[in-house]
Amino acid sequence: MGLGFALGIYLPIAEISVNVFVLFFMGAAVGFLSGMFGVGGGFLITPLLIFYNIPPAVAVATGANQVIASSFSGALTHFKRGTLDVKLGSLLVVGGIAGAGVGIYVFVLLRELGQLDLIVSLLYVVFLSTVGGLMLYESLQAMRRTRAGQLSNLKKPGQHNWVHRLPFKMRFRASKIYVSIIPVLVLGGAIGFLSSIMGVGGGFIMVPAMIYLLKVPTNVVIGTSLYQIVFVTAFTTVMQATTNQSVDIVLAMLLMTGGVIGAQYGARIGQKLRGEQLRALLAMLVLAVGLRLAIELFVTPDDVYSISIALATRAVQ
Amino acid sequence: MNTPAAALILIIALAAGQQARAQQLPGNKETVEIGLSTDTIAITSGFRGTDLTVFGALDNADPLIQRQGRYDIVVVLEGPERDFVVRRKDRFFGIWVNAESVSFQHIPASYSLASTRNLQDIATPKIFGQLSLGVNNIFYEPIPDGFGSSESLKEFTKELPRLKLKQRLYNQRPGDVQFLSSTLFRATLSLPANVPVGKHIARAYLFRNGEFLRESSTSLNIVKAGLEFRIYRAANQYSLLYGLFAVFLAVVTGWMGRLVFRKD
């Protein structure tokens, strides 16, 4: 039992040997951030795993699995505090599962065409830079308003947008909103789709969308988003396991253990920070990951040729 | 989950074993045999590649030719056949995208070769071509798709072994077959960390004065052992249960984290 054994572990599905501590700390660091910001952390884990030479298909599927753990403990906390809208969350889950089902189908198709890696990167770049940019702009505005002595209030009474003119309205008591179920289902579906293709929970899109589109109060947003994420990522994990056999339990366990520990400390720091500051920080983080992936797309690869096992079997990388 | 030994020693089967197959050519009485002490190698979680030592015997050799060192032996371990696709990235609007691709069928997933000398010193390229012996002589059979030109076919056929060599799945070690006595030889082959599981075929080729005499072969099974093998098998055979278990593990981990840190 040498040092080599203590550090290295063979991942049965990714089919490579990795360093236990690198993955553990990767999980812990992302867990810390996810605890701080109340997001699942999948949008960080998946790119990091790809940077660490885990085949993208395995990174995406395992990323979704890892997100369950941090989201579950977070959702539980919010449930106890009463900052979770079960009714709204469940409706989002319904949309999410439909979206994830479509997503898995597209995932398999892209993998066979050899375009999965590219599409995953492109989706990350587009979503991370858009969402990050919008959030940064908004939170800076809010900070400016606070400094000017005004009250920053996201839920402006009487101010409705086009979303609130849609039919099939439903009342969500915990969120204190009265809104059409169409945008809720569509939002859930879109997040589910992204969850299965990108290996994310989708909190980084869900949170701002709920705040700005549905006008859900900030205190209920994170809990409800986590609630939806738990169910959709659980569904995605099972779907990935059955269609692609690309969920690596060993990899997921390493990330989750680190993640759960990191999340606890992150949550404590998060409570001490103000809402706008928290959003500005998250926005910058989202932008940074997006930028890193964007650069990757334009940089000339070391080798323009690649080889993989044909058809929808495991990539040799 | 013990670390694998630095070298897996596979011992001689001097008597013609059941697996060993020797092709007799009239007029030449020399025979070559290789044998493996085991027909299965198990890869455990610590596996980072290893050297595989194969012993073999050259019998009925002409002592004169033997002394002049004009017997040559090439030993090859060929992995299971798979279909592969080679892709080339091209630039579109500044972004690198997988564009052209060619699929190949019945390609050995791994290929380790050891020989007494450099291949070009052993025999002519034509002979190696006929035997499909050596990384550059394997027949890379494209799957016709009706698109690719013969030029791109040539290009991708050249890239396939290069990529395989880069991944260390293909490797050639001239000089790593050594005679220990007038009849006994030892070949040292590389098993890379990412060696594919499945049935591998070990072949020994005997050459005299640049002329191919005969070949013998035996098979070797490489399997994943221990927990990781069971995980791999579960993921493939019981994928639904595996997926549900992955979810269960995640939920328990999340819940445990809460229990442990609940004090505040």
# chains A, B, ... in the order shown; residues from 1 in each chain; ligands from 1
>>> residues_around(residues="Arg233 (chain B)", least_positions_apart="3", cutoff="12 Å", atoms="only C-alpha atoms", output="PDB file with N, CA and C atoms, in the first residue's frame")
ATOM      1  N   PRO A  12     -14.358   3.359 -12.544  1.00  0.00           N
ATOM      2  CA  PRO A  12     -14.807   2.225 -13.362  1.00  0.00           C
ATOM      3  C   PRO A  12     -15.534   2.631 -14.640  1.00  0.00           C
ATOM      4  N   ILE A  13     -16.206   3.757 -14.644  1.00  0.00           N
ATOM      5  CA  ILE A  13     -16.972   4.137 -15.826  1.00  0.00           C
ATOM      6  C   ILE A  13     -16.173   5.107 -16.703  1.00  0.00           C
ATOM      7  N   GLN A 245     -25.072   4.583 -19.886  1.00  0.00           N
ATOM      8  CA  GLN A 245     -24.184   3.923 -18.917  1.00  0.00           C
ATOM      9  C   GLN A 245     -22.995   4.815 -18.574  1.00  0.00           C
ATOM     10  N   ASP A 248     -20.742   7.620 -13.258  1.00  0.00           N
ATOM     11  CA  ASP A 248     -19.666   6.986 -12.508  1.00  0.00           C
ATOM     12  C   ASP A 248     -19.894   7.190 -11.012  1.00  0.00           C
TER      13      ASP A 248
ATOM     14  N   VAL B 223      -9.487  -8.958 -17.760  1.00  0.00           N
ATOM     15  CA  VAL B 223     -10.768  -8.602 -17.144  1.00  0.00           C
ATOM     16  C   VAL B 223     -10.533  -7.560 -16.069  1.00  0.00           C
ATOM     17  N   LYS B 224     -11.591  -6.865 -15.716  1.00  0.00           N
ATOM     18  CA  LYS B 224     -11.516  -5.957 -14.589  1.00  0.00           C
ATOM     19  C   LYS B 224     -11.859  -6.771 -13.357  1.00  0.00           C
ATOM     20  N   ALA B 225     -11.075  -6.602 -12.294  1.00  0.00           N
ATOM     21  CA  ALA B 225     -11.312  -7.385 -11.094  1.00  0.00           C
ATOM     22  C   ALA B 225     -11.757  -6.500  -9.957  1.00  0.00           C
ATOM     23  N   GLY B 226     -12.320  -7.131  -8.970  1.00  0.00           N
ATOM     24  CA  GLY B 226     -12.650  -6.439  -7.731  1.00  0.00           C
ATOM     25  C   GLY B 226     -13.893  -5.581  -7.849  1.00  0.00           C
ATOM     26  N   LEU B 227     -13.974  -4.623  -6.939  1.00  0.00           N
ATOM     27  CA  LEU B 227     -15.167  -3.799  -6.813  1.00  0.00           C
ATOM     28  C   LEU B 227     -15.473  -3.037  -8.100  1.00  0.00           C
ATOM     29  N   GLU B 228     -14.410  -2.452  -8.685  1.00  0.00           N
ATOM     30  CA  GLU B 228     -14.660  -1.610  -9.872  1.00  0.00           C
ATOM     31  C   GLU B 228     -15.220  -2.419 -11.040  1.00  0.00           C
ATOM     32  N   PHE B 229     -14.820  -3.681 -11.104  1.00  0.00           N
ATOM     33  CA  PHE B 229     -15.381  -4.544 -12.138  1.00  0.00           C
ATOM     34  C   PHE B 229     -16.870  -4.751 -11.894  1.00  0.00           C
ATOM     35  N   ARG B 230     -17.180  -4.978 -10.637  1.00  0.00           N
ATOM     36  CA  ARG B 230     -18.596  -5.209 -10.311  1.00  0.00           C
ATOM     37  C   ARG B 230     -19.421  -3.955 -10.592  1.00  0.00           C
ATOM     38  N   ASN B 236     -23.620  -1.672 -16.684  1.00  0.00           N
ATOM     39  CA  ASN B 236     -23.990  -2.115 -18.023  1.00  0.00           C
ATOM     40  C   ASN B 236     -25.135  -3.112 -18.044  1.00  0.00           C
ATOM     41  N   GLN B 237     -25.175  -3.975 -17.019  1.00  0.00           N
ATOM     42  CA  GLN B 237     -26.182  -5.033 -17.047  1.00  0.00           C
ATOM     43  C   GLN B 237     -27.455  -4.688 -16.291  1.00  0.00           C
ATOM     44  N   TYR B 238     -27.287  -3.938 -15.195  1.00  0.00           N
ATOM     45  CA  TYR B 238     -28.461  -3.579 -14.395  1.00  0.00           C
ATOM     46  C   TYR B 238     -28.536  -2.065 -14.337  1.00  0.00           C
ATOM     47  N   SER B 239     -28.612  -1.430 -15.525  1.00  0.00           N
ATOM     48  CA  SER B 239     -28.431   0.019 -15.550  1.00  0.00           C
ATOM     49  C   SER B 239     -29.532   0.770 -14.806  1.00  0.00           C
ATOM     50  N   LEU B 241     -31.260  -0.265 -12.065  1.00  0.00           N
ATOM     51  CA  LEU B 241     -30.962  -0.386 -10.637  1.00  0.00           C
ATOM     52  C   LEU B 241     -29.746   0.449 -10.278  1.00  0.00           C
ATOM     53  N   TYR B 242     -28.755   0.426 -11.152  1.00  0.00           N
ATOM     54  CA  TYR B 242     -27.539   1.196 -10.942  1.00  0.00           C
ATOM     55  C   TYR B 242     -27.862   2.682 -10.827  1.00  0.00           C
TER      56      TYR B 242
END
>>> residues_around(residues="region 67-70 of chain B", least_positions_apart="3", cutoff="8 Å", atoms="only C-alpha atoms", output="PyMOL selection string")
chain B and resi 63-64+208-210
>>> select_by_dssp(residues="region 13-160 of chain A", states="strand (DSSP E)", output="list in words")
Ile16, Ser17, Val18 and Asn19 of chain A
>>> interface_residues(of="chain A", to="chain B", cutoff="6 Å", atoms="only C-alpha atoms", output="PyMOL selection string")
chain A and resi 10+12+68-70+72-73+234+238+241-242+245+260+297-298+304-310
>>> closest_residue(among="B:Thr188, B:Thr40, B:Gln120, B:Thr218", to="Glu78 (chain B)", atoms="only C-alpha atoms")
B:Thr218
